Amino acid sequence: MTLFSLARKNIKGNFNNYFVYFVTLVFSMVIYYTFTSLQYSEKIQESIELSDTMSFMFGVSSIILILFVAIFILYSNSFFTRKRKKEVGLYAILGLRKKTIAKMLFYENLIMGIIAIVIGIILGTLLSKLFAMILIKLMGSIAEVDFGISILAITQTVIVFMVIILFTSVQGYRLIYRFTLIELFYDEKKGEQIPKVSLITAVIGVIFLVVSYWLILKPFPDEFTTEYLIKNYGIAFVALVIGTHLFFRSVTVYLLRLSQKNKSRYYRGTRIIETSRLLFRIRGNARTFTVIALLSAATICFLGATYSGYYSNEKRAKEVVPFSYSHLSKGPEFDSQVESIIKADHRHPIKAQLDIPVIQVKGILSFQLDYDINPVKLISESTFNKVANALNKDETVSLSGNQAAVIQPRFTEYTKSVFKGENITIQLHQGSNELPFVHMVESNVLPFDYPDFFLVVSNEMFAEIAKKEAPLTYKVYEVENEVTAQATSKKVNKLVGNDFQVSSSFYTEYKQGKEGNAITLFIFGFLGLVFLAATGSIIYFKQLTEANEAKGHYEILRKIGVNKKDIRKSIKRQSLFVFGLPLTIGILHSCVALYFTSNFISNLIGINLIFPILMAIVFFVIIYAVYYVLTVNTYNRIVNK
Amino acid sequence: MKTIVEAKQIKKVYGAKGNVFSALEDIDLTVMEGEFVGIMGPSGAGKSTLLNILATIDEPTAGDIVVDGINLTKMNEEQLSAFRRDKLGFLFQDYNLLDTLTVKENIILPLALAKLNVEELERRADEVADKFGIRDILNKYPYQISGGQKQRTAASRAIISKPNLILADEPTGALDSKSATDLLESLKDLNEQDKATILMVTHDAYAASYCNRVLFIKDGKIFTELVKGKRSRKEFFNKVLDVLSALGGGANDVI
Ligand SMILES: Nc1ncnc2c1ncn2[C@@H]1O[C@H](COP(=O)(O)OP(=O)(O)O)[C@@H](O)[C@H]1O
Ligand SMILES: [Mg+2]
């Protein structure tokens, strides 16, 4: 019998033992392959070439993903090996040569890896199509993301996994040389050491975390090179990983030791069991906590970014086109034609309908402003307040005499202080008027049209100027549920033509923005879901193996009279710690990362992203809670049947 | 004197239709308060099965068991757990210590589970640790101590809640003769001084000679019974050996 066939027989004979490991391999492969085939799809390649941030994002995600699959596979491999030490020892006792055993383990791992690669790629191809379809549905986008079979993606997946598999195979080869026979036989008996509380590790961990946060939150440099990105955020990432690990190692020990100090609490009920168990497995726990915290952070970041994209698009569209429909009045006949189209749409009834008189004049500022303000558009105080009311905004102005309020020009970041104490001289056919600035407001009235310089003046002033310069009248409509008003918007656009630089209907602007972002959102969403699945499966897998190891433990407890209900409670409490601690740190990490990105995005589009980020966190916590319940139930079923 | 264990017509059948195996057949057993009873028999005779049933870890197929006036067959899981915790103490061949707890934590576990207050708990821990001579190792972990020390830890845990009945399944099985003797002496002291009721399964005649009475089981049935009476331990030991050789089979492996 050749070695090769012995290895093959081995796998066939103990397929159950190999199954968990094998599933892990395939699962990682599917995730990685789906990601790479996405990366190599035409559409995405285009956008990668176009945008630096995009290619940076892909680069980082790709590294995180490789790290994740590598850790995942190595982790389950070491568990798998541990289970088989006895078997290996037995071969040696039976007289197989070390070299023969080593080779056998090597081939065995290699065969499994190769089969997993093949299955992974086939499943990946099928699943990625499904995945793409689901996401496109969710995004409500017509942008096609082509998920063809990509040779490049296959090659890359095969290379990455061959490296990992070769590594684990060599580990397998070395197993018999690394341990003495006695160690192979008595692996489980070897006690893990209870770690000491180490202040130094804790301090070093915190320092790493601080450095990492500092690097992430540092403002952007003027020049934004790839080298800078890799250096700055690469170091930040490594520091984050190390810091998190050290933090968990020392802090969990510290917390658990602290809870042991209070004897009357510690020596009460099953707490003594949970605490000591967690403490005993601190090394393994710290590693798992780190992985879960980082994965959670990544998940929240990606989900947060996706939702922010959605959210900011709607906000942005609302800013650019404040009303559902707006048009310049072109006589009663034309106006009533538009009105009847809008009124005919019963699914989107009108909430508010306004006339907005606007006077266009030439103005000269009392100071230098790098914005072309002419023609200046004047509206009256009462118009502004009516608009605010119609759009459900609380921003109102009250002016008197020749006071004026400026509406912040869109896509600029001028603040109140820029206009403070200054004035504007508006030139009319007869004479001119000097208007001091007393306010700056942010609610917009009409669709964007460059130059976007609106002034709100008092009602008396407006009436006075109107006598000299005839105002134009704009008609605006706000309807219910404007995000779905597709058909009517189309008709209105066609009839109205180009009154503004942007579309005259909100829906069109909203839809265009959504499509422009579709790919970015798609990727964020995809990565978010991948990491969500990864987080869940890591925890689940980890707790499952832990439960199998703990069977004997709970058996003893039952023998000395702990009832099933109490064991269940004890499992719940223990799992709560295992889930809660890394979640807390993960949320913290993600807040830092999202703070950085949202600052970045907010600056670009002027939108506060606290709300979507909070929503993403809430969403994640809910899913995470579902994992928790599932895990507790499975754990309980294993040890407490 | 009070009756602690009253078992009647216990049957235990393993397996499903077609392939049934009867591990215990109509066993009757009575143990009075303060007795130290041994159960002997060849390997596979059903000793552990009997003990596990009395310990409520296993259920009999038929029969009635009353321990300290409580009928075991009528209790649900929760009541059984509470019963085990409050009334029974256990000693197993493989110690059954939790390796994540220190010796002291292992010992006080039953009291912690019963939510006793800390002062009382510490006091009792010291008391039993002294009794079994393991005060020095209280802060060690099970993997750091010897088999004899482990078994004395397990014994301390078994008696700390002052159980009405101590059940031991081959407690000396994995110990060297010195550690075995130490443990047996401690159990004897416990029996004589604290009036503890002990039921011990063993296939070692030397261990059995520490008992007041020994039951012999063969093929799931009671074979005979020996009472120590006024005999010395040496004489009792020889008597036990006689019965074992009459029992045949397993007798060879105990000499
Ligand atoms: N769970 C089980 N299923 C089937 N047979 C069992 C089971 N447990 C014990 N037995 C059988 O019952 C008999 C008695 O076992 P046991 O009480 O362990 O014997 P011992 O006297 O050596 O302690 C043995 O023949 C054993 O094979
Ligand atoms: Mg037995």
# chains A, B, ... in the order shown; residues from 1 in each chain; ligands from 1
>>> residues_near_ligand(ligand="ligand 1", cutoff="6 Å", atoms="only C-alpha atoms and all ligand atoms", output="PyMOL selection string")
chain B and resi 14+23+43-49
>>> residues_around(residues="Trp214 in chain A", least_positions_apart="5", cutoff="10 Å", atoms="only C-alpha atoms", output="list in words")
Phe208, Leu209, Pro219, Ala236 and Val592 of chain A
>>> write_last_selection(atoms="C-alpha atoms", output="CSV table (one decimal), in the first residue's frame")
chain,number,residue,atom,x,y,z
A,208,PHE,CA,-0.9,50.4,21.2
A,209,LEU,CA,-4.6,51.2,21.1
A,219,PRO,CA,-6.4,64.6,9.9
A,236,ALA,CA,-2.6,51.7,12.6
A,592,VAL,CA,-13.3,55.4,15.8
>>> interface_residues(of="chain A", to="chain B", cutoff="8 Å", atoms="only C-alpha atoms", output="mmCIF file with all heavy atoms, in the first residue's frame")
data_model
loop_
_atom_site.group_PDB
_atom_site.id
_atom_site.type_symbol
_atom_site.label_atom_id
_atom_site.label_comp_id
_atom_site.auth_asym_id
_atom_site.auth_seq_id
_atom_site.Cartn_x
_atom_site.Cartn_y
_atom_site.Cartn_z
ATOM 1 N N LYS A 189 -4.438 16.108 29.363
ATOM 2 C CA LYS A 189 -4.138 16.193 30.785
ATOM 3 C C LYS A 189 -3.296 17.413 31.131
ATOM 4 O O LYS A 189 -3.300 17.889 32.243
ATOM 5 C CB LYS A 189 -3.372 14.933 31.228
ATOM 6 C CG LYS A 189 -4.186 13.665 31.119
ATOM 7 C CD LYS A 189 -5.071 13.499 32.340
ATOM 8 C CE LYS A 189 -5.749 12.150 32.411
ATOM 9 N NZ LYS A 189 -6.450 11.748 31.209
ATOM 10 N N LYS A 190 -2.556 17.875 30.146
ATOM 11 C CA LYS A 190 -1.656 18.974 30.415
ATOM 12 C C LYS A 190 -2.470 20.214 30.762
ATOM 13 O O LYS A 190 -3.247 20.700 29.975
ATOM 14 C CB LYS A 190 -0.782 19.241 29.193
ATOM 15 C CG LYS A 190 0.468 20.035 29.514
ATOM 16 C CD LYS A 190 1.386 20.098 28.313
ATOM 17 C CE LYS A 190 0.699 20.782 27.156
ATOM 18 N NZ LYS A 190 1.492 20.781 25.947
ATOM 19 N N GLY A 191 -2.297 20.708 31.982
ATOM 20 C CA GLY A 191 -3.110 21.839 32.411
ATOM 21 C C GLY A 191 -2.632 23.129 31.804
ATOM 22 O O GLY A 191 -1.438 23.348 31.651
ATOM 23 N N LYS A 263 -15.552 37.269 47.824
ATOM 24 C CA LYS A 263 -15.840 35.864 48.081
ATOM 25 C C LYS A 263 -17.336 35.564 48.210
ATOM 26 O O LYS A 263 -17.825 34.559 47.722
ATOM 27 C CB LYS A 263 -15.140 35.407 49.373
ATOM 28 C CG LYS A 263 -13.627 35.395 49.247
ATOM 29 C CD LYS A 263 -13.121 34.159 48.531
ATOM 30 C CE LYS A 263 -11.617 34.094 48.532
ATOM 31 N NZ LYS A 263 -11.003 34.122 47.218
ATOM 32 N N SER A 264 -18.061 36.467 48.847
ATOM 33 C CA SER A 264 -19.454 36.111 49.103
ATOM 34 C C SER A 264 -20.261 36.108 47.803
ATOM 35 O O SER A 264 -21.321 35.500 47.728
ATOM 36 C CB SER A 264 -20.079 37.053 50.119
ATOM 37 O OG SER A 264 -19.886 38.387 49.720
ATOM 38 N N TYR A 267 -18.334 32.765 45.731
ATOM 39 C CA TYR A 267 -18.689 31.441 46.260
ATOM 40 C C TYR A 267 -20.189 31.284 46.354
ATOM 41 O O TYR A 267 -20.716 30.834 47.350
ATOM 42 C CB TYR A 267 -18.106 31.259 47.665
ATOM 43 C CG TYR A 267 -16.615 31.052 47.712
ATOM 44 C CD1 TYR A 267 -15.906 31.244 48.900
ATOM 45 C CD2 TYR A 267 -15.903 30.654 46.592
ATOM 46 C CE1 TYR A 267 -14.538 31.056 48.963
ATOM 47 C CE2 TYR A 267 -14.533 30.462 46.645
ATOM 48 C CZ TYR A 267 -13.859 30.668 47.820
ATOM 49 O OH TYR A 267 -12.513 30.476 47.876
ATOM 50 N N ARG A 268 -20.911 31.672 45.366
ATOM 51 C CA ARG A 268 -22.361 31.598 45.471
ATOM 52 C C ARG A 268 -22.915 31.085 44.156
ATOM 53 O O ARG A 268 -22.770 31.702 43.118
ATOM 54 C CB ARG A 268 -22.924 32.980 45.780
ATOM 55 C CG ARG A 268 -24.281 32.904 46.409
ATOM 56 C CD ARG A 268 -24.680 34.276 46.930
ATOM 57 N NE ARG A 268 -26.022 34.194 47.485
ATOM 58 C CZ ARG A 268 -26.297 33.721 48.693
ATOM 59 N NH1 ARG A 268 -25.327 33.331 49.473
ATOM 60 N NH2 ARG A 268 -27.550 33.659 49.117
ATOM 61 N N GLY A 269 -23.539 29.907 44.221
ATOM 62 C CA GLY A 269 -24.119 29.342 43.002
ATOM 63 C C GLY A 269 -23.047 28.952 42.003
ATOM 64 O O GLY A 269 -21.916 28.618 42.367
ATOM 65 N N THR A 270 -23.398 29.043 40.738
ATOM 66 C CA THR A 270 -22.499 28.522 39.701
ATOM 67 C C THR A 270 -21.464 29.545 39.258
ATOM 68 O O THR A 270 -20.680 29.273 38.364
ATOM 69 C CB THR A 270 -23.306 28.101 38.471
ATOM 70 O OG1 THR A 270 -24.115 29.201 38.064
ATOM 71 C CG2 THR A 270 -24.169 26.894 38.753
ATOM 72 N N ILE A 272 -18.796 30.544 40.524
ATOM 73 C CA ILE A 272 -17.449 30.015 40.741
ATOM 74 C C ILE A 272 -16.997 29.173 39.547
ATOM 75 O O ILE A 272 -15.850 29.217 39.122
ATOM 76 C CB ILE A 272 -17.437 29.189 42.055
ATOM 77 C CG1 ILE A 272 -16.069 28.580 42.338
ATOM 78 C CG2 ILE A 272 -18.463 28.078 42.023
ATOM 79 C CD1 ILE A 272 -16.025 27.962 43.743
ATOM 80 N N ILE A 273 -17.937 28.463 38.960
ATOM 81 C CA ILE A 273 -17.597 27.588 37.833
ATOM 82 C C ILE A 273 -17.308 28.394 36.576
ATOM 83 O O ILE A 273 -16.296 28.190 35.915
ATOM 84 C CB ILE A 273 -18.766 26.620 37.557
ATOM 85 C CG1 ILE A 273 -19.033 25.770 38.789
ATOM 86 C CG2 ILE A 273 -18.463 25.742 36.364
ATOM 87 C CD1 ILE A 273 -20.389 25.138 38.785
ATOM 88 N N SER A 276 -14.001 30.587 36.866
ATOM 89 C CA SER A 276 -12.748 29.838 36.806
ATOM 90 C C SER A 276 -12.534 29.263 35.412
ATOM 91 O O SER A 276 -11.428 29.188 34.919
ATOM 92 C CB SER A 276 -12.767 28.720 37.836
ATOM 93 O OG SER A 276 -13.737 27.765 37.489
ATOM 94 N N ARG A 277 -13.615 28.877 34.782
ATOM 95 C CA ARG A 277 -13.493 28.318 33.438
ATOM 96 C C ARG A 277 -12.983 29.348 32.454
ATOM 97 O O ARG A 277 -12.084 29.081 31.655
ATOM 98 C CB ARG A 277 -14.858 27.819 32.974
ATOM 99 C CG ARG A 277 -14.789 26.445 32.399
ATOM 100 C CD ARG A 277 -16.014 25.997 31.739
ATOM 101 N NE ARG A 277 -15.659 25.579 30.399
ATOM 102 C CZ ARG A 277 -14.821 24.618 30.118
ATOM 103 N NH1 ARG A 277 -14.215 23.942 31.058
ATOM 104 N NH2 ARG A 277 -14.546 24.315 28.874
ATOM 105 N N PHE A 280 -9.401 30.126 33.143
ATOM 106 C CA PHE A 280 -8.516 29.041 32.773
ATOM 107 C C PHE A 280 -8.222 29.043 31.284
ATOM 108 O O PHE A 280 -7.147 28.684 30.848
ATOM 109 C CB PHE A 280 -9.192 27.717 33.148
ATOM 110 C CG PHE A 280 -8.231 26.724 33.681
ATOM 111 C CD1 PHE A 280 -7.724 26.878 34.950
ATOM 112 C CD2 PHE A 280 -7.824 25.659 32.899
ATOM 113 C CE1 PHE A 280 -6.813 25.971 35.446
ATOM 114 C CE2 PHE A 280 -6.926 24.747 33.393
ATOM 115 C CZ PHE A 280 -6.422 24.908 34.669
ATOM 116 N N HIS A 553 -16.913 18.232 32.100
ATOM 117 C CA HIS A 553 -17.056 19.231 33.134
ATOM 118 C C HIS A 553 -18.503 19.301 33.634
ATOM 119 O O HIS A 553 -18.776 19.249 34.829
ATOM 120 C CB HIS A 553 -16.672 20.550 32.468
ATOM 121 C CG HIS A 553 -16.403 21.658 33.394
ATOM 122 N ND1 HIS A 553 -15.148 21.974 33.822
ATOM 123 C CD2 HIS A 553 -17.233 22.563 33.966
ATOM 124 C CE1 HIS A 553 -15.214 23.016 34.616
ATOM 125 N NE2 HIS A 553 -16.461 23.394 34.722
ATOM 126 N N ILE A 556 -19.789 16.199 35.497
ATOM 127 C CA ILE A 556 -19.434 16.180 36.917
ATOM 128 C C ILE A 556 -20.393 17.052 37.710
ATOM 129 O O ILE A 556 -20.884 16.666 38.772
ATOM 130 C CB ILE A 556 -17.994 16.698 37.115
ATOM 131 C CG1 ILE A 556 -16.997 15.768 36.429
ATOM 132 C CG2 ILE A 556 -17.673 16.814 38.597
ATOM 133 C CD1 ILE A 556 -15.578 16.283 36.429
ATOM 134 N N ARG A 558 -23.407 17.797 37.074
ATOM 135 C CA ARG A 558 -24.714 17.163 37.248
ATOM 136 C C ARG A 558 -24.663 16.101 38.334
ATOM 137 O O ARG A 558 -25.581 15.953 39.120
ATOM 138 C CB ARG A 558 -25.212 16.581 35.936
ATOM 139 C CG ARG A 558 -26.293 17.454 35.313
ATOM 140 C CD ARG A 558 -27.186 16.717 34.380
ATOM 141 N NE ARG A 558 -26.460 15.846 33.484
ATOM 142 C CZ ARG A 558 -25.859 16.261 32.383
ATOM 143 N NH1 ARG A 558 -25.912 17.517 32.039
ATOM 144 N NH2 ARG A 558 -25.203 15.421 31.620
ATOM 145 N N LYS A 559 -23.535 15.397 38.352
ATOM 146 C CA LYS A 559 -23.402 14.345 39.369
ATOM 147 C C LYS A 559 -23.425 14.908 40.772
ATOM 148 O O LYS A 559 -23.906 14.273 41.695
ATOM 149 C CB LYS A 559 -22.092 13.577 39.163
ATOM 150 C CG LYS A 559 -22.196 12.509 38.089
ATOM 151 C CD LYS A 559 -20.895 11.750 38.006
ATOM 152 C CE LYS A 559 -20.883 10.797 36.831
ATOM 153 N NZ LYS A 559 -19.528 10.284 36.582
ATOM 154 N N ILE A 560 -22.858 16.086 40.957
ATOM 155 C CA ILE A 560 -22.885 16.609 42.318
ATOM 156 C C ILE A 560 -24.106 17.478 42.564
ATOM 157 O O ILE A 560 -24.165 18.221 43.536
ATOM 158 C CB ILE A 560 -21.601 17.359 42.700
ATOM 159 C CG1 ILE A 560 -21.404 18.587 41.819
ATOM 160 C CG2 ILE A 560 -20.393 16.464 42.623
ATOM 161 C CD1 ILE A 560 -20.227 19.416 42.279
ATOM 162 N N GLY A 561 -25.084 17.391 41.680
ATOM 163 C CA GLY A 561 -26.386 17.953 42.028
ATOM 164 C C GLY A 561 -26.724 19.324 41.486
ATOM 165 O O GLY A 561 -27.514 20.031 42.085
ATOM 166 N N VAL A 562 -26.128 19.733 40.358
ATOM 167 C CA VAL A 562 -26.569 20.973 39.732
ATOM 168 C C VAL A 562 -27.662 20.595 38.739
ATOM 169 O O VAL A 562 -27.464 19.702 37.917
ATOM 170 C CB VAL A 562 -25.417 21.650 38.972
ATOM 171 C CG1 VAL A 562 -25.852 23.022 38.485
ATOM 172 C CG2 VAL A 562 -24.203 21.763 39.864
ATOM 173 N N ASN A 563 -28.811 21.238 38.816
ATOM 174 C CA ASN A 563 -29.874 20.833 37.907
ATOM 175 C C ASN A 563 -29.737 21.495 36.543
ATOM 176 O O ASN A 563 -28.952 22.419 36.359
ATOM 177 C CB ASN A 563 -31.255 21.066 38.514
ATOM 178 C CG ASN A 563 -31.537 22.520 38.744
ATOM 179 O OD1 ASN A 563 -31.188 23.357 37.923
ATOM 180 N ND2 ASN A 563 -32.150 22.824 39.875
ATOM 181 N N LYS A 564 -30.517 21.005 35.592
ATOM 182 C CA LYS A 564 -30.370 21.464 34.208
ATOM 183 C C LYS A 564 -30.610 22.955 34.064
ATOM 184 O O LYS A 564 -29.969 23.625 33.266
ATOM 185 C CB LYS A 564 -31.339 20.690 33.312
ATOM 186 C CG LYS A 564 -30.937 19.242 33.191
ATOM 187 C CD LYS A 564 -31.702 18.523 32.126
ATOM 188 C CE LYS A 564 -31.103 17.127 31.990
ATOM 189 N NZ LYS A 564 -31.745 16.323 30.988
ATOM 190 N N LYS A 565 -31.550 23.445 34.831
ATOM 191 C CA LYS A 565 -31.884 24.860 34.731
ATOM 192 C C LYS A 565 -30.682 25.706 35.128
ATOM 193 O O LYS A 565 -30.359 26.697 34.465
ATOM 194 C CB LYS A 565 -33.070 25.172 35.648
ATOM 195 C CG LYS A 565 -34.130 25.996 34.962
ATOM 196 C CD LYS A 565 -35.433 26.023 35.730
ATOM 197 C CE LYS A 565 -35.350 26.840 36.997
ATOM 198 N NZ LYS A 565 -36.449 26.578 37.920
#
>>> closest_residue(among="B:Gly173, B:Gly229, B:Gly248, B:Gly34", to="ligand 2", atoms="only C-alpha atoms and all ligand atoms")
B:Gly173
>>> closest_residue(among="B:Leu50, B:Val240, B:Ile198, B:Ile10", to="ligand 2", atoms="only C-alpha atoms and all ligand atoms")
B:Leu50
>>> select_by_dssp(residues="range 54-191 of chain B", states="alpha helix (DSSP H)", output="MDAnalysis selection string")
chainID B and resid 54 77:87 103:113 118:131 147:160 177:191
>>> residues_around(residues="Ile71 in chain A", least_positions_apart="2", cutoff="12 Å", atoms="only C-alpha atoms", output="JSON, numbers by chain")
{"A": [24, 25, 28, 64, 65, 66, 67, 68, 69, 73, 74, 75, 76, 77, 78, 164, 168, 287, 288, 290, 291, 292, 295, 534, 538]}
>>> write_last_selection(atoms="C-alpha atoms", output="PDB file, in the first residue's frame")
ATOM      1  CA  THR A  24     -14.335  25.360   7.599  1.00  0.00           C
ATOM      2  CA  LEU A  25     -12.002  25.098   4.627  1.00  0.00           C
ATOM      3  CA  SER A  28     -13.488  30.238   3.939  1.00  0.00           C
ATOM      4  CA  ILE A  64      -8.429  41.699   6.108  1.00  0.00           C
ATOM      5  CA  LEU A  65     -10.172  38.872   4.350  1.00  0.00           C
ATOM      6  CA  ILE A  66      -6.961  36.896   3.801  1.00  0.00           C
ATOM      7  CA  LEU A  67      -6.056  37.400   7.436  1.00  0.00           C
ATOM      8  CA  PHE A  68      -9.484  36.278   8.450  1.00  0.00           C
ATOM      9  CA  VAL A  69      -9.485  33.083   6.397  1.00  0.00           C
ATOM     10  CA  ILE A  73      -8.262  27.844   8.975  1.00  0.00           C
ATOM     11  CA  LEU A  74      -5.228  27.714  11.250  1.00  0.00           C
ATOM     12  CA  TYR A  75      -7.460  27.835  14.272  1.00  0.00           C
ATOM     13  CA  SER A  76      -9.628  24.955  13.192  1.00  0.00           C
ATOM     14  CA  ASN A  77      -6.564  23.072  11.967  1.00  0.00           C
ATOM     15  CA  SER A  78      -4.924  23.247  15.357  1.00  0.00           C
ATOM     16  CA  ILE A 164      -2.320  28.324   3.609  1.00  0.00           C
ATOM     17  CA  THR A 168      -0.921  23.523   7.515  1.00  0.00           C
ATOM     18  CA  ARG A 287      -7.340  35.302  20.897  1.00  0.00           C
ATOM     19  CA  THR A 288     -10.988  34.677  20.138  1.00  0.00           C
ATOM     20  CA  THR A 290      -9.558  39.771  19.557  1.00  0.00           C
ATOM     21  CA  VAL A 291     -10.827  38.132  16.412  1.00  0.00           C
ATOM     22  CA  ILE A 292     -14.458  38.758  17.322  1.00  0.00           C
ATOM     23  CA  LEU A 295     -14.572  41.293  12.940  1.00  0.00           C
ATOM     24  CA  ALA A 534     -17.708  35.450   9.535  1.00  0.00           C
ATOM     25  CA  ILE A 538     -16.268  32.137  14.304  1.00  0.00           C
TER      26      ILE A 538
END
>>> closest_residue(among="A:Leu495, A:Thr81, A:Ile356, A:Lys99", to="Ser336 in chain A", atoms="only C-alpha atoms")
A:Leu495
>>> decode(residues="range 459-465 of chain A", atoms="all heavy atoms", output="PDB file, in the first residue's frame")
ATOM      1  N   ASN A 459     -40.008  91.463   4.783  1.00  0.00           N
ATOM      2  CA  ASN A 459     -41.150  91.552   3.874  1.00  0.00           C
ATOM      3  C   ASN A 459     -41.301  92.941   3.270  1.00  0.00           C
ATOM      4  O   ASN A 459     -41.581  93.097   2.080  1.00  0.00           O
ATOM      5  CB  ASN A 459     -42.435  91.168   4.600  1.00  0.00           C
ATOM      6  CG  ASN A 459     -42.445  89.681   4.955  1.00  0.00           C
ATOM      7  OD1 ASN A 459     -41.736  88.902   4.322  1.00  0.00           O
ATOM      8  ND2 ASN A 459     -43.213  89.317   5.966  1.00  0.00           N
ATOM      9  N   GLU A 460     -41.084  93.980   4.114  1.00  0.00           N
ATOM     10  CA  GLU A 460     -41.235  95.357   3.614  1.00  0.00           C
ATOM     11  C   GLU A 460     -40.201  95.646   2.537  1.00  0.00           C
ATOM     12  O   GLU A 460     -40.505  96.192   1.475  1.00  0.00           O
ATOM     13  CB  GLU A 460     -41.052  96.376   4.753  1.00  0.00           C
ATOM     14  CG  GLU A 460     -41.857  96.095   6.013  1.00  0.00           C
ATOM     15  CD  GLU A 460     -41.137  95.146   6.953  1.00  0.00           C
ATOM     16  OE1 GLU A 460     -40.102  95.529   7.530  1.00  0.00           O
ATOM     17  OE2 GLU A 460     -41.592  93.984   7.105  1.00  0.00           O
ATOM     18  N   MET A 461     -38.947  95.237   2.852  1.00  0.00           N
ATOM     19  CA  MET A 461     -37.853  95.468   1.919  1.00  0.00           C
ATOM     20  C   MET A 461     -38.137  94.769   0.592  1.00  0.00           C
ATOM     21  O   MET A 461     -37.929  95.332  -0.485  1.00  0.00           O
ATOM     22  CB  MET A 461     -36.548  94.952   2.539  1.00  0.00           C
ATOM     23  CG  MET A 461     -35.344  95.016   1.629  1.00  0.00           C
ATOM     24  SD  MET A 461     -34.901  96.687   1.149  1.00  0.00           S
ATOM     25  CE  MET A 461     -34.173  97.272   2.656  1.00  0.00           C
ATOM     26  N   PHE A 462     -38.649  93.518   0.690  1.00  0.00           N
ATOM     27  CA  PHE A 462     -38.918  92.743  -0.514  1.00  0.00           C
ATOM     28  C   PHE A 462     -39.979  93.455  -1.374  1.00  0.00           C
ATOM     29  O   PHE A 462     -39.825  93.619  -2.581  1.00  0.00           O
ATOM     30  CB  PHE A 462     -39.399  91.340  -0.159  1.00  0.00           C
ATOM     31  CG  PHE A 462     -39.468  90.410  -1.335  1.00  0.00           C
ATOM     32  CD1 PHE A 462     -38.332  89.730  -1.774  1.00  0.00           C
ATOM     33  CD2 PHE A 462     -40.656  90.221  -2.033  1.00  0.00           C
ATOM     34  CE1 PHE A 462     -38.396  88.894  -2.868  1.00  0.00           C
ATOM     35  CE2 PHE A 462     -40.719  89.391  -3.131  1.00  0.00           C
ATOM     36  CZ  PHE A 462     -39.585  88.716  -3.551  1.00  0.00           C
ATOM     37  N   ALA A 463     -41.016  93.941  -0.692  1.00  0.00           N
ATOM     38  CA  ALA A 463     -42.098  94.619  -1.399  1.00  0.00           C
ATOM     39  C   ALA A 463     -41.572  95.877  -2.085  1.00  0.00           C
ATOM     40  O   ALA A 463     -41.919  96.177  -3.234  1.00  0.00           O
ATOM     41  CB  ALA A 463     -43.217  94.961  -0.425  1.00  0.00           C
ATOM     42  N   GLU A 464     -40.682  96.559  -1.399  1.00  0.00           N
ATOM     43  CA  GLU A 464     -40.139  97.803  -1.945  1.00  0.00           C
ATOM     44  C   GLU A 464     -39.311  97.543  -3.204  1.00  0.00           C
ATOM     45  O   GLU A 464     -39.464  98.206  -4.223  1.00  0.00           O
ATOM     46  CB  GLU A 464     -39.290  98.473  -0.868  1.00  0.00           C
ATOM     47  CG  GLU A 464     -38.931  99.911  -1.166  1.00  0.00           C
ATOM     48  CD  GLU A 464     -37.965 100.433  -0.120  1.00  0.00           C
ATOM     49  OE1 GLU A 464     -38.248 100.203   1.093  1.00  0.00           O
ATOM     50  OE2 GLU A 464     -36.936 101.005  -0.492  1.00  0.00           O
ATOM     51  N   ILE A 465     -38.436  96.536  -3.105  1.00  0.00           N
ATOM     52  CA  ILE A 465     -37.587  96.212  -4.258  1.00  0.00           C
ATOM     53  C   ILE A 465     -38.441  95.699  -5.416  1.00  0.00           C
ATOM     54  O   ILE A 465     -38.174  95.987  -6.575  1.00  0.00           O
ATOM     55  CB  ILE A 465     -36.497  95.186  -3.879  1.00  0.00           C
ATOM     56  CG1 ILE A 465     -35.608  95.762  -2.773  1.00  0.00           C
ATOM     57  CG2 ILE A 465     -35.628  94.825  -5.077  1.00  0.00           C
ATOM     58  CD1 ILE A 465     -34.620  94.784  -2.203  1.00  0.00           C
TER      59      ILE A 465
END
